[in-house]
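Beneath this line is the structure, given in structure tokens, with notes to follow.
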Amino acid sequence: MNSFTVRMARWSARHPWRAIVGWLVFVVLCLGIGSAVGTHSATTADYRVGEAGRAEAIAAEGGLERRAAEQVLISARSGPFDRDAAEAAAGDLTARMKRLPEVAGVADPLLSEDRRILMVEVALKGEERDAKDKVDALAGQTDAVAKAYPGLRLEETGSPSISKGVDQQRGDDLALSEKITLPITLVTLLVVFGSVTMAGVPLLLALSSIAAAIGLSMVASHLSPDAGVGTNVILMIGLAVGVDYTLFYLKREREERARSGGRLSSEALVELAAATSGRAVMISGLAVVASTATLYLASDVIFSSLATGTIVVVLVAVASSLTALPAMLVKLGRREERRARRRAERGKPARRTRDDSGGRVWAALLRPASRHPLATLCVSVLALLALVTPLAGLKITEMSRDTHSRDIAAMRVYDRLNAAFPERRVTHQVVVRADAARSGEVGGALRALARRADADPLFAGASRVRTSADHRISALELRVPYLGNSDQAYDSLDHLRENYLPATVGRVEGAEFGVSGDVARYADYPAHQNSKLPLVLGALLLVTFAMTTYAFRSVVLGLIGVVLNLLSAAAALGLLVLVFQGTWAEGLLDFHSTGSIGSRVPLFLFVILFGLSMDYQVFVVSRIREAVLAGVPTRQAVLEGIRRSASVVTSAAVVMTTVFVSFVFLHIIEMKQIGFVLAAAVLLDAFIVRIMVLPSAMLLLGEASWWPSRTAGRTAASSAHPADGRPAVDVR
């Protein structure tokens, strides 16, 4: 045994303190360097996709981009609305806001149709993505005016304050998620190992891996900007895979210790675990990295940020399992050996090390596959296909501002703003670029467009035409009196793009034009993703097939891995549609159905699940392959390998599920959906695919499972058992 994982484990085992201290230094350095360089956050330009993105870029070129804005509503606290006092408060507020360096301008106060609310709109300077950092300054002035006019209620809302509220809510939710996940994970590990010390090792390494990954992700953000979701995915994936990888390694070391009966040293046991589970961990980690890297093909800053966070934390988790973990196991093993010697000196019997070799429960669960593989395969696949059927009604939309939780104060004010000023609910921005000589012609076309919109009940009015200083770029804003996630808002966008623009601006020779705005973004983002979906999924299937084929030297197993991953992912997505597109589970899971699935969820599910499924695939099939290499017939090897790995796979699935389920308690609907679908996918994969479908398929295929490798044809003599009775292992 002289593979890379064995060499790493051997060095760590011989120099345990160096390895442990080195790991801690590495974690501290990652955090220190990350803090020093800071995070490079994505800019507004990084989010631009489709026609809306092109229109925004043109508008920005001419200095005509829409600025982030805050709206302050002034109303009576009780009793009749004192308009004179409200106008005085609005004047005071306007003067205060104009003095702020963050403010680009303040519009004249606007009275609602029912004459009970006065609204003051404040435009902010700078990047739209940075506007939330300026909310506190504005809120301070709003609060000061509110104190000066105690009979009035001043409330502030707007995209910046809503974004700030969402960030605060996300932080609180993640803290709650950690409070739920960590204790349950610790209890699960206590059940698995029966020892506080051994249970603490996976948790400690996972948390230290997360800390190091957060620091490294800050550095990586200067190559691929952070979209604000990197920390979320590092916490989610880091705890799941960090505990799983350590669990695989630890369980194998415990198993070999029990089997050796004290004949092997801690160093030898660690090397043996490295040759088997260590290799599986490394292959699994590389598979997750390779599959996740396909997200970069989506050409989307959010997916790139998700990919970067996942890749960094998985690589760090693998590194901790291959370096710090062997050292910790040797230290713990030596302590256990000293205790055993002291017990022997006192004449007490040695404590039995727990050897999880399967048990009656798993023998019972495997009985259908072992006795009736064809029937078990058919029933299991049909059950999964039944879960796939709701996909026929899948509706994907971009989760808009209107879907945020009303626990956010700014969202409640936003609802009151929409009710009081319905004509300002949605704004489309039409942007045109043409030769300066055609500026007059472009202006005329835009005014003709505004007249057409005025005659359409889907629109509520237009602004004046604005033109850049060089007369090359012009812009017109059209208001829509419907919420951004309504059918009417999307219909108004279709009318613009398909009818009004071609008939007006489209007739200006050489003019380049487009529509931007919130609704345009909501429409273009899913369309952009759908255009990239075939490329990403094709690359994902190819990567999964290549990794599985390489790991097991079998084309058949590579094809099986791809099919099973597709089946479990599709079944989980179908279950998501069943739960979240309807209303029956709203009270159970505390959400308000949007009648759709977030546009990022399906692709994220497929990519992450394909990677995570390799954990179970590699670990289970590696145990089967070990036995086959030792000369055991494939049928016996399949049943024995799955039975011996079932407990650790189940424990890993419970840990992963706990992590993902904790995200269902978050307020953000898209995070709820991601947590739910990943938890469902892991459970389906661990308990249906790996216990029912995989063994049934391999039992039916028999020796053909290993084609074109000659693994199954190797004789027991060429893979003889060593003196201690342990099977030989292939560590290539």
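Just remember, in the structure tokens the first chain shown is A, the second B, etc., residues are 1-based per chain, and ligands are 1-based in the order shown.
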
Contacts of Leu306 in chain A within 10 Å, only C-alpha atoms, excl. fewer than 4 positions in-chain, as a list in words: Asp226, Ala227, Gly228, Val229, Gly230, Thr231, Asn232, Val233, Ile234, Thr292, Ala293, Leu295, Tyr296, Val301, Ile302, Thr310, Ile311, Phe604 and Ile608 of chain A

Every residue of range 268-504 of chain A that DSSP places in strand (DSSP E), as an mmCIF file with all heavy atoms, in the first residue's frame:
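Dumped everything to out.cif:
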data_model
loop_
_atom_site.group_PDB
_atom_site.id
_atom_site.type_symbol
_atom_site.label_atom_id
_atom_site.label_comp_id
_atom_site.auth_asym_id
_atom_site.auth_seq_id
_atom_site.Cartn_x
_atom_site.Cartn_y
_atom_site.Cartn_z
ATOM 1 N N ILE A 396 -41.158 27.227 -13.307
ATOM 2 C CA ILE A 396 -39.946 27.866 -12.791
ATOM 3 C C ILE A 396 -40.055 29.379 -12.966
ATOM 4 O O ILE A 396 -40.368 29.864 -14.057
ATOM 5 C CB ILE A 396 -38.698 27.346 -13.522
ATOM 6 C CG1 ILE A 396 -38.500 25.863 -13.230
ATOM 7 C CG2 ILE A 396 -37.456 28.121 -13.101
ATOM 8 C CD1 ILE A 396 -37.330 25.238 -13.962
ATOM 9 N N THR A 397 -39.835 30.106 -11.894
ATOM 10 C CA THR A 397 -39.827 31.564 -11.975
ATOM 11 C C THR A 397 -38.674 32.108 -11.137
ATOM 12 O O THR A 397 -38.164 31.438 -10.242
ATOM 13 C CB THR A 397 -41.140 32.182 -11.441
ATOM 14 O OG1 THR A 397 -41.313 31.801 -10.065
ATOM 15 C CG2 THR A 397 -42.327 31.737 -12.250
ATOM 16 N N VAL A 426 -44.671 48.739 -10.636
ATOM 17 C CA VAL A 426 -43.669 48.203 -11.570
ATOM 18 C C VAL A 426 -43.294 49.297 -12.560
ATOM 19 O O VAL A 426 -44.155 50.073 -12.990
ATOM 20 C CB VAL A 426 -44.216 46.973 -12.329
ATOM 21 C CG1 VAL A 426 -43.358 46.643 -13.546
ATOM 22 C CG2 VAL A 426 -44.272 45.767 -11.406
ATOM 23 N N THR A 427 -42.025 49.342 -12.925
ATOM 24 C CA THR A 427 -41.557 50.292 -13.941
ATOM 25 C C THR A 427 -40.695 49.567 -14.965
ATOM 26 O O THR A 427 -39.749 48.870 -14.597
ATOM 27 C CB THR A 427 -40.734 51.429 -13.306
ATOM 28 O OG1 THR A 427 -41.532 52.119 -12.347
ATOM 29 C CG2 THR A 427 -40.260 52.409 -14.365
ATOM 30 N N HIS A 428 -41.075 49.690 -16.228
ATOM 31 C CA HIS A 428 -40.235 49.195 -17.325
ATOM 32 C C HIS A 428 -39.388 50.357 -17.834
ATOM 33 O O HIS A 428 -39.905 51.476 -17.998
ATOM 34 C CB HIS A 428 -41.081 48.680 -18.498
ATOM 35 C CG HIS A 428 -41.962 47.525 -18.163
ATOM 36 N ND1 HIS A 428 -41.495 46.371 -17.584
ATOM 37 C CD2 HIS A 428 -43.304 47.351 -18.345
ATOM 38 C CE1 HIS A 428 -42.498 45.522 -17.425
ATOM 39 N NE2 HIS A 428 -43.607 46.096 -17.879
ATOM 40 N N GLN A 429 -38.133 50.106 -18.108
ATOM 41 C CA GLN A 429 -37.274 51.134 -18.702
ATOM 42 C C GLN A 429 -36.907 50.715 -20.121
ATOM 43 O O GLN A 429 -36.268 49.681 -20.322
ATOM 44 C CB GLN A 429 -36.004 51.358 -17.880
ATOM 45 C CG GLN A 429 -35.164 52.518 -18.409
ATOM 46 C CD GLN A 429 -33.880 52.728 -17.631
ATOM 47 O OE1 GLN A 429 -33.247 51.763 -17.210
ATOM 48 N NE2 GLN A 429 -33.478 53.975 -17.436
ATOM 49 N N VAL A 430 -37.319 51.509 -21.076
ATOM 50 C CA VAL A 430 -36.984 51.269 -22.483
ATOM 51 C C VAL A 430 -35.739 52.089 -22.802
ATOM 52 O O VAL A 430 -35.725 53.318 -22.614
ATOM 53 C CB VAL A 430 -38.141 51.678 -23.414
ATOM 54 C CG1 VAL A 430 -37.759 51.413 -24.869
ATOM 55 C CG2 VAL A 430 -39.407 50.928 -23.035
ATOM 56 N N VAL A 431 -34.694 51.423 -23.283
ATOM 57 C CA VAL A 431 -33.416 52.080 -23.561
ATOM 58 C C VAL A 431 -33.083 51.902 -25.037
ATOM 59 O O VAL A 431 -33.226 50.797 -25.591
ATOM 60 C CB VAL A 431 -32.283 51.487 -22.692
ATOM 61 C CG1 VAL A 431 -30.983 52.251 -22.923
ATOM 62 C CG2 VAL A 431 -32.663 51.510 -21.219
ATOM 63 N N VAL A 432 -32.635 52.992 -25.681
ATOM 64 C CA VAL A 432 -32.316 52.967 -27.110
ATOM 65 C C VAL A 432 -30.942 53.594 -27.328
ATOM 66 O O VAL A 432 -30.633 54.649 -26.760
ATOM 67 C CB VAL A 432 -33.365 53.747 -27.938
ATOM 68 C CG1 VAL A 432 -33.064 53.607 -29.430
ATOM 69 C CG2 VAL A 432 -34.762 53.270 -27.615
ATOM 70 N N ARG A 433 -30.131 52.931 -28.161
ATOM 71 C CA ARG A 433 -28.834 53.492 -28.555
ATOM 72 C C ARG A 433 -28.803 53.604 -30.078
ATOM 73 O O ARG A 433 -29.068 52.625 -30.790
ATOM 74 C CB ARG A 433 -27.685 52.615 -28.062
ATOM 75 C CG ARG A 433 -26.304 53.149 -28.466
ATOM 76 C CD ARG A 433 -25.199 52.452 -27.694
ATOM 77 N NE ARG A 433 -25.221 51.013 -27.886
ATOM 78 C CZ ARG A 433 -24.485 50.156 -27.160
ATOM 79 N NH1 ARG A 433 -23.693 50.617 -26.197
ATOM 80 N NH2 ARG A 433 -24.555 48.865 -27.375
ATOM 81 N N GLY A 461 -48.983 55.012 -17.283
ATOM 82 C CA GLY A 461 -48.374 56.312 -17.541
ATOM 83 C C GLY A 461 -46.906 56.188 -17.880
ATOM 84 O O GLY A 461 -46.284 55.136 -17.693
ATOM 85 N N ALA A 462 -46.341 57.280 -18.398
ATOM 86 C CA ALA A 462 -44.946 57.273 -18.836
ATOM 87 C C ALA A 462 -44.239 58.514 -18.336
ATOM 88 O O ALA A 462 -44.853 59.546 -18.056
ATOM 89 C CB ALA A 462 -44.867 57.200 -20.360
ATOM 90 N N ARG A 466 -35.592 60.816 -21.614
ATOM 91 C CA ARG A 466 -34.286 61.344 -21.188
ATOM 92 C C ARG A 466 -33.232 60.941 -22.214
ATOM 93 O O ARG A 466 -33.274 59.825 -22.743
ATOM 94 C CB ARG A 466 -33.892 60.800 -19.817
ATOM 95 C CG ARG A 466 -34.802 61.269 -18.680
ATOM 96 C CD ARG A 466 -34.241 60.803 -17.344
ATOM 97 N NE ARG A 466 -34.213 59.342 -17.265
ATOM 98 C CZ ARG A 466 -33.363 58.652 -16.506
ATOM 99 N NH1 ARG A 466 -32.436 59.290 -15.789
ATOM 100 N NH2 ARG A 466 -33.418 57.329 -16.481
ATOM 101 N N THR A 467 -32.280 61.846 -22.463
ATOM 102 C CA THR A 467 -31.240 61.597 -23.465
ATOM 103 C C THR A 467 -29.879 61.902 -22.866
ATOM 104 O O THR A 467 -29.729 62.857 -22.098
ATOM 105 C CB THR A 467 -31.462 62.464 -24.720
ATOM 106 O OG1 THR A 467 -32.776 62.208 -25.232
ATOM 107 C CG2 THR A 467 -30.435 62.146 -25.801
ATOM 108 N N ILE A 473 -27.864 57.946 -26.544
ATOM 109 C CA ILE A 473 -28.665 57.002 -25.764
ATOM 110 C C ILE A 473 -29.858 57.728 -25.166
ATOM 111 O O ILE A 473 -29.726 58.822 -24.609
ATOM 112 C CB ILE A 473 -27.817 56.358 -24.645
ATOM 113 C CG1 ILE A 473 -26.656 55.568 -25.269
ATOM 114 C CG2 ILE A 473 -28.673 55.460 -23.755
ATOM 115 C CD1 ILE A 473 -25.660 55.063 -24.276
ATOM 116 N N SER A 474 -31.016 57.113 -25.298
ATOM 117 C CA SER A 474 -32.258 57.689 -24.761
ATOM 118 C C SER A 474 -32.993 56.639 -23.943
ATOM 119 O O SER A 474 -32.836 55.424 -24.170
ATOM 120 C CB SER A 474 -33.165 58.184 -25.895
ATOM 121 O OG SER A 474 -32.515 59.187 -26.657
ATOM 122 N N ALA A 475 -33.799 57.099 -22.994
ATOM 123 C CA ALA A 475 -34.523 56.178 -22.118
ATOM 124 C C ALA A 475 -35.913 56.715 -21.819
ATOM 125 O O ALA A 475 -36.130 57.933 -21.722
ATOM 126 C CB ALA A 475 -33.758 55.960 -20.819
ATOM 127 N N LEU A 476 -36.861 55.778 -21.675
ATOM 128 C CA LEU A 476 -38.240 56.106 -21.332
ATOM 129 C C LEU A 476 -38.721 55.103 -20.291
ATOM 130 O O LEU A 476 -38.517 53.892 -20.447
ATOM 131 C CB LEU A 476 -39.137 56.025 -22.576
ATOM 132 C CG LEU A 476 -40.651 56.145 -22.324
ATOM 133 C CD1 LEU A 476 -41.016 57.577 -21.945
ATOM 134 C CD2 LEU A 476 -41.423 55.694 -23.570
ATOM 135 N N GLU A 477 -39.349 55.585 -19.230
ATOM 136 C CA GLU A 477 -39.882 54.705 -18.194
ATOM 137 C C GLU A 477 -41.397 54.623 -18.326
ATOM 138 O O GLU A 477 -42.084 55.636 -18.477
ATOM 139 C CB GLU A 477 -39.495 55.207 -16.799
ATOM 140 C CG GLU A 477 -38.003 55.073 -16.522
ATOM 141 C CD GLU A 477 -37.633 55.467 -15.102
ATOM 142 O OE1 GLU A 477 -38.533 55.955 -14.373
ATOM 143 O OE2 GLU A 477 -36.469 55.289 -14.722
ATOM 144 N N LEU A 478 -41.905 53.388 -18.261
ATOM 145 C CA LEU A 478 -43.344 53.136 -18.350
ATOM 146 C C LEU A 478 -43.796 52.440 -17.075
ATOM 147 O O LEU A 478 -43.198 51.431 -16.676
ATOM 148 C CB LEU A 478 -43.659 52.253 -19.564
ATOM 149 C CG LEU A 478 -43.284 52.826 -20.937
ATOM 150 C CD1 LEU A 478 -43.467 51.769 -22.012
ATOM 151 C CD2 LEU A 478 -44.133 54.052 -21.253
ATOM 152 N N ARG A 479 -44.833 52.950 -16.452
ATOM 153 C CA ARG A 479 -45.312 52.385 -15.189
ATOM 154 C C ARG A 479 -46.438 51.384 -15.435
ATOM 155 O O ARG A 479 -47.231 51.527 -16.361
ATOM 156 C CB ARG A 479 -45.783 53.492 -14.250
ATOM 157 C CG ARG A 479 -44.662 54.424 -13.813
ATOM 158 C CD ARG A 479 -45.108 55.326 -12.672
ATOM 159 N NE ARG A 479 -44.013 56.206 -12.267
ATOM 160 C CZ ARG A 479 -43.836 57.434 -12.724
ATOM 161 N NH1 ARG A 479 -44.684 57.922 -13.604
ATOM 162 N NH2 ARG A 479 -42.832 58.169 -12.311
ATOM 163 N N VAL A 480 -46.482 50.389 -14.536
ATOM 164 C CA VAL A 480 -47.484 49.323 -14.622
ATOM 165 C C VAL A 480 -48.153 49.187 -13.259
ATOM 166 O O VAL A 480 -47.455 49.030 -12.246
ATOM 167 C CB VAL A 480 -46.820 47.978 -15.022
ATOM 168 C CG1 VAL A 480 -47.840 46.844 -14.996
ATOM 169 C CG2 VAL A 480 -46.189 48.090 -16.402
#

DSSP alpha helix (DSSP H) residues within range 244-372 of chain A, listed as an MDAnalysis selection string: chainID A and resid 244:260 266:273 279:293 301:322 324:345 360:371

Close residues, range 571-578 of chain A itself excluded, 6 Å, only C-alpha atoms, min 6 positions apart in chain, as a count of residues only: 8

Using only C-alpha atoms: which of A:Phe303, A:Asp173, A:Thr634, A:Glu626 has the shortest distance to Arg600 in chain A: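 Checking each candidate against Arg600 in chain A, we get A:Phe303 as the closest.
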
Range 11-15 of chain A environment, 9 Å, only C-alpha atoms, sequence neighbours closer than 3 positions dropped, as a PyMOL selection string: chain A and resi 6-8+18-20+266-268+270-271+322-331

How would the residues just picked look written out with all heavy atoms as a short mmCIF file (atom, residue, chain, number, x, y, z; two decimals), in the first residue's frame?
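Full text of out-v9.cif as output:
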data_model
loop_
_atom_site.label_atom_id
_atom_site.label_comp_id
_atom_site.auth_asym_id
_atom_site.auth_seq_id
_atom_site.Cartn_x
_atom_site.Cartn_y
_atom_site.Cartn_z
N VAL A 6 -2.31 6.85 1.43
CA VAL A 6 -1.56 6.07 2.43
C VAL A 6 -0.30 6.83 2.84
O VAL A 6 0.05 6.88 4.03
CB VAL A 6 -1.20 4.68 1.88
CG1 VAL A 6 -0.27 3.94 2.85
CG2 VAL A 6 -2.46 3.87 1.65
N ARG A 7 0.38 7.43 1.88
CA ARG A 7 1.60 8.19 2.22
C ARG A 7 1.26 9.37 3.12
O ARG A 7 1.99 9.67 4.08
CB ARG A 7 2.29 8.67 0.94
CG ARG A 7 2.89 7.54 0.10
CD ARG A 7 3.88 8.07 -0.93
NE ARG A 7 3.27 9.01 -1.85
CZ ARG A 7 2.66 8.67 -2.99
NH1 ARG A 7 2.57 7.39 -3.32
NH2 ARG A 7 2.15 9.59 -3.78
N MET A 8 0.16 10.07 2.82
CA MET A 8 -0.27 11.18 3.67
C MET A 8 -0.58 10.69 5.08
O MET A 8 -0.15 11.29 6.08
CB MET A 8 -1.52 11.84 3.07
CG MET A 8 -1.29 12.56 1.76
SD MET A 8 -0.40 14.13 1.97
CE MET A 8 -1.64 15.09 2.78
N ARG A 18 2.80 17.31 14.72
CA ARG A 18 3.11 18.21 13.61
C ARG A 18 1.89 18.35 12.70
O ARG A 18 1.58 19.46 12.23
CB ARG A 18 4.29 17.68 12.80
CG ARG A 18 5.62 17.72 13.54
CD ARG A 18 6.72 17.28 12.58
NE ARG A 18 7.99 17.07 13.28
CZ ARG A 18 9.11 16.64 12.69
NH1 ARG A 18 9.09 16.38 11.39
NH2 ARG A 18 10.21 16.47 13.39
N ALA A 19 1.22 17.23 12.44
CA ALA A 19 0.06 17.27 11.55
C ALA A 19 -1.08 18.07 12.17
O ALA A 19 -1.72 18.89 11.48
CB ALA A 19 -0.41 15.84 11.25
N ILE A 20 -1.34 17.86 13.46
CA ILE A 20 -2.44 18.56 14.12
C ILE A 20 -2.16 20.05 14.21
O ILE A 20 -3.01 20.89 13.87
CB ILE A 20 -2.69 17.96 15.52
CG1 ILE A 20 -3.21 16.53 15.39
CG2 ILE A 20 -3.69 18.82 16.29
CD1 ILE A 20 -3.30 15.78 16.70
N SER A 266 -1.87 1.35 16.07
CA SER A 266 -2.72 2.44 15.60
C SER A 266 -2.24 2.96 14.26
O SER A 266 -3.05 3.32 13.39
CB SER A 266 -2.73 3.57 16.63
OG SER A 266 -3.34 3.15 17.83
N GLU A 267 -0.93 3.03 14.07
CA GLU A 267 -0.37 3.51 12.81
C GLU A 267 -0.79 2.61 11.65
O GLU A 267 -1.17 3.08 10.58
CB GLU A 267 1.15 3.59 12.88
CG GLU A 267 1.68 4.70 13.78
CD GLU A 267 1.71 4.30 15.25
OE1 GLU A 267 1.22 3.19 15.57
OE2 GLU A 267 2.22 5.08 16.06
N ALA A 268 -0.73 1.29 11.87
CA ALA A 268 -1.11 0.35 10.81
C ALA A 268 -2.60 0.44 10.50
O ALA A 268 -3.01 0.37 9.33
CB ALA A 268 -0.75 -1.07 11.24
N VAL A 270 -4.49 3.07 10.83
CA VAL A 270 -4.72 4.32 10.10
C VAL A 270 -4.32 4.16 8.64
O VAL A 270 -5.02 4.64 7.74
CB VAL A 270 -3.95 5.47 10.77
CG1 VAL A 270 -3.86 6.67 9.84
CG2 VAL A 270 -4.63 5.89 12.06
N GLU A 271 -3.21 3.50 8.39
CA GLU A 271 -2.79 3.28 7.00
C GLU A 271 -3.81 2.43 6.25
O GLU A 271 -4.10 2.68 5.08
CB GLU A 271 -1.42 2.60 6.97
CG GLU A 271 -0.28 3.52 7.36
CD GLU A 271 1.08 2.88 7.11
OE1 GLU A 271 1.18 2.06 6.18
OE2 GLU A 271 2.03 3.21 7.83
N LEU A 322 -7.52 13.75 5.23
CA LEU A 322 -6.32 13.03 4.83
C LEU A 322 -5.08 13.42 5.64
O LEU A 322 -4.05 12.74 5.56
CB LEU A 322 -6.05 13.27 3.34
CG LEU A 322 -7.15 12.81 2.37
CD1 LEU A 322 -6.72 13.04 0.93
CD2 LEU A 322 -7.50 11.35 2.59
N THR A 323 -5.16 14.50 6.41
CA THR A 323 -3.98 14.96 7.15
C THR A 323 -4.22 15.00 8.65
O THR A 323 -3.63 14.23 9.40
CB THR A 323 -3.57 16.37 6.67
OG1 THR A 323 -4.69 17.26 6.79
CG2 THR A 323 -3.11 16.35 5.22
N ALA A 324 -5.12 15.88 9.10
CA ALA A 324 -5.35 16.02 10.54
C ALA A 324 -6.03 14.80 11.13
O ALA A 324 -5.72 14.39 12.26
CB ALA A 324 -6.18 17.28 10.80
N LEU A 325 -6.97 14.21 10.40
CA LEU A 325 -7.72 13.08 10.95
C LEU A 325 -6.82 11.87 11.28
O LEU A 325 -6.95 11.31 12.37
CB LEU A 325 -8.84 12.68 9.99
CG LEU A 325 -9.70 11.49 10.43
CD1 LEU A 325 -10.33 11.76 11.79
CD2 LEU A 325 -10.77 11.19 9.40
N PRO A 326 -5.92 11.42 10.37
CA PRO A 326 -5.04 10.30 10.75
C PRO A 326 -4.23 10.59 12.00
O PRO A 326 -4.05 9.70 12.85
CB PRO A 326 -4.14 10.14 9.52
CG PRO A 326 -4.93 10.70 8.39
CD PRO A 326 -5.71 11.83 8.98
N ALA A 327 -3.76 11.81 12.14
CA ALA A 327 -2.98 12.17 13.33
C ALA A 327 -3.83 12.07 14.58
O ALA A 327 -3.39 11.55 15.62
CB ALA A 327 -2.41 13.58 13.17
N MET A 328 -5.06 12.57 14.51
CA MET A 328 -5.95 12.51 15.67
C MET A 328 -6.30 11.06 16.01
O MET A 328 -6.38 10.68 17.19
CB MET A 328 -7.21 13.33 15.40
CG MET A 328 -6.95 14.81 15.22
SD MET A 328 -8.42 15.77 14.79
CE MET A 328 -9.27 15.77 16.36
N LEU A 329 -6.49 10.23 14.99
CA LEU A 329 -6.81 8.83 15.24
C LEU A 329 -5.65 8.10 15.90
O LEU A 329 -5.86 7.24 16.76
CB LEU A 329 -7.18 8.14 13.92
CG LEU A 329 -8.52 8.53 13.31
CD1 LEU A 329 -8.76 7.79 12.01
CD2 LEU A 329 -9.64 8.23 14.30
N VAL A 330 -4.44 8.43 15.51
CA VAL A 330 -3.27 7.79 16.14
C VAL A 330 -3.18 8.21 17.60
O VAL A 330 -2.94 7.37 18.48
CB VAL A 330 -1.99 8.17 15.37
CG1 VAL A 330 -0.75 7.80 16.20
CG2 VAL A 330 -1.95 7.44 14.04
N LYS A 331 -3.36 9.48 17.90
CA LYS A 331 -3.31 9.93 19.29
C LYS A 331 -4.39 9.26 20.11
O LYS A 331 -4.14 8.79 21.24
CB LYS A 331 -3.46 11.45 19.35
CG LYS A 331 -2.35 12.24 18.66
CD LYS A 331 -1.00 11.97 19.28
CE LYS A 331 -0.86 12.49 20.68
NZ LYS A 331 0.50 12.28 21.24
#

A:Ser305, A:Ser112, A:Asp130, A:Ala88 ranked by distance to Thr43 in chain A, top pick (using only C-alpha atoms): A:Asp130

All residues 8 Å or closer to Arg625 in chain A, only C-alpha atoms, same chain fewer than 3 positions away omitted, as number ranges by chain: A: 552, 621-622, 628-629, 637

File of the preceding selection, all heavy atoms, as a PDB file, in the first residue's frame:
ATOM      1  N   PHE A 552     -14.024   2.837 -10.554  1.00  0.00           N
ATOM      2  CA  PHE A 552     -14.273   1.395 -10.443  1.00  0.00           C
ATOM      3  C   PHE A 552     -13.841   0.598 -11.666  1.00  0.00           C
ATOM      4  O   PHE A 552     -14.082  -0.607 -11.736  1.00  0.00           O
ATOM      5  CB  PHE A 552     -15.766   1.156 -10.168  1.00  0.00           C
ATOM      6  CG  PHE A 552     -16.274   1.903  -8.976  1.00  0.00           C
ATOM      7  CD1 PHE A 552     -17.277   2.848  -9.106  1.00  0.00           C
ATOM      8  CD2 PHE A 552     -15.726   1.690  -7.723  1.00  0.00           C
ATOM      9  CE1 PHE A 552     -17.738   3.554  -8.006  1.00  0.00           C
ATOM     10  CE2 PHE A 552     -16.181   2.387  -6.622  1.00  0.00           C
ATOM     11  CZ  PHE A 552     -17.182   3.318  -6.758  1.00  0.00           C
ATOM     12  N   VAL A 621     -19.751   0.914  -3.308  1.00  0.00           N
ATOM     13  CA  VAL A 621     -19.186   0.063  -4.357  1.00  0.00           C
ATOM     14  C   VAL A 621     -17.719  -0.271  -4.059  1.00  0.00           C
ATOM     15  O   VAL A 621     -17.229  -1.333  -4.442  1.00  0.00           O
ATOM     16  CB  VAL A 621     -19.346   0.724  -5.738  1.00  0.00           C
ATOM     17  CG1 VAL A 621     -18.746  -0.140  -6.839  1.00  0.00           C
ATOM     18  CG2 VAL A 621     -20.823   0.979  -6.027  1.00  0.00           C
ATOM     19  N   SER A 622     -17.008   0.617  -3.352  1.00  0.00           N
ATOM     20  CA  SER A 622     -15.629   0.304  -2.969  1.00  0.00           C
ATOM     21  C   SER A 622     -15.585  -0.925  -2.067  1.00  0.00           C
ATOM     22  O   SER A 622     -14.699  -1.781  -2.198  1.00  0.00           O
ATOM     23  CB  SER A 622     -14.986   1.494  -2.254  1.00  0.00           C
ATOM     24  OG  SER A 622     -14.786   2.555  -3.142  1.00  0.00           O
ATOM     25  N   VAL A 628     -14.600  -8.408  -4.120  1.00  0.00           N
ATOM     26  CA  VAL A 628     -14.414  -9.058  -5.420  1.00  0.00           C
ATOM     27  C   VAL A 628     -12.932  -9.235  -5.719  1.00  0.00           C
ATOM     28  O   VAL A 628     -12.489 -10.276  -6.223  1.00  0.00           O
ATOM     29  CB  VAL A 628     -15.112  -8.242  -6.526  1.00  0.00           C
ATOM     30  CG1 VAL A 628     -14.735  -8.768  -7.906  1.00  0.00           C
ATOM     31  CG2 VAL A 628     -16.620  -8.283  -6.341  1.00  0.00           C
ATOM     32  N   LEU A 629     -12.121  -8.219  -5.398  1.00  0.00           N
ATOM     33  CA  LEU A 629     -10.677  -8.326  -5.605  1.00  0.00           C
ATOM     34  C   LEU A 629     -10.066  -9.424  -4.743  1.00  0.00           C
ATOM     35  O   LEU A 629      -9.022  -9.984  -5.082  1.00  0.00           O
ATOM     36  CB  LEU A 629     -10.003  -6.988  -5.287  1.00  0.00           C
ATOM     37  CG  LEU A 629     -10.195  -5.870  -6.319  1.00  0.00           C
ATOM     38  CD1 LEU A 629      -9.695  -4.553  -5.770  1.00  0.00           C
ATOM     39  CD2 LEU A 629      -9.481  -6.226  -7.617  1.00  0.00           C
ATOM     40  N   ALA A 637     -20.394 -10.612  -2.668  1.00  0.00           N
ATOM     41  CA  ALA A 637     -19.696  -9.347  -2.414  1.00  0.00           C
ATOM     42  C   ALA A 637     -20.680  -8.183  -2.361  1.00  0.00           C
ATOM     43  O   ALA A 637     -20.538  -7.275  -1.537  1.00  0.00           O
ATOM     44  CB  ALA A 637     -18.649  -9.106  -3.497  1.00  0.00           C
TER      45      ALA A 637
END

Shortest interatomic distance to Met282 in chain A - which of A:Ala585, A:Gly171, A:Gly50, A:Ser320, counting only C-alpha atoms: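 With only C-alpha atoms as the atom set, the closest residue is A:Ser320.
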
Selected residue of minimal separation from Ser321 in chain A among A:Leu154, A:Leu496, A:Thr5, A:Val196, counting only C-alpha atoms: A:Thr5

Long-range neighbours of Leu559 in chain A as number ranges by chain, 12 Å cut-off, only C-alpha atoms, 5 positions minimum in chain: A: 541-550, 552-554, 564-566, 694, 697, 705-707
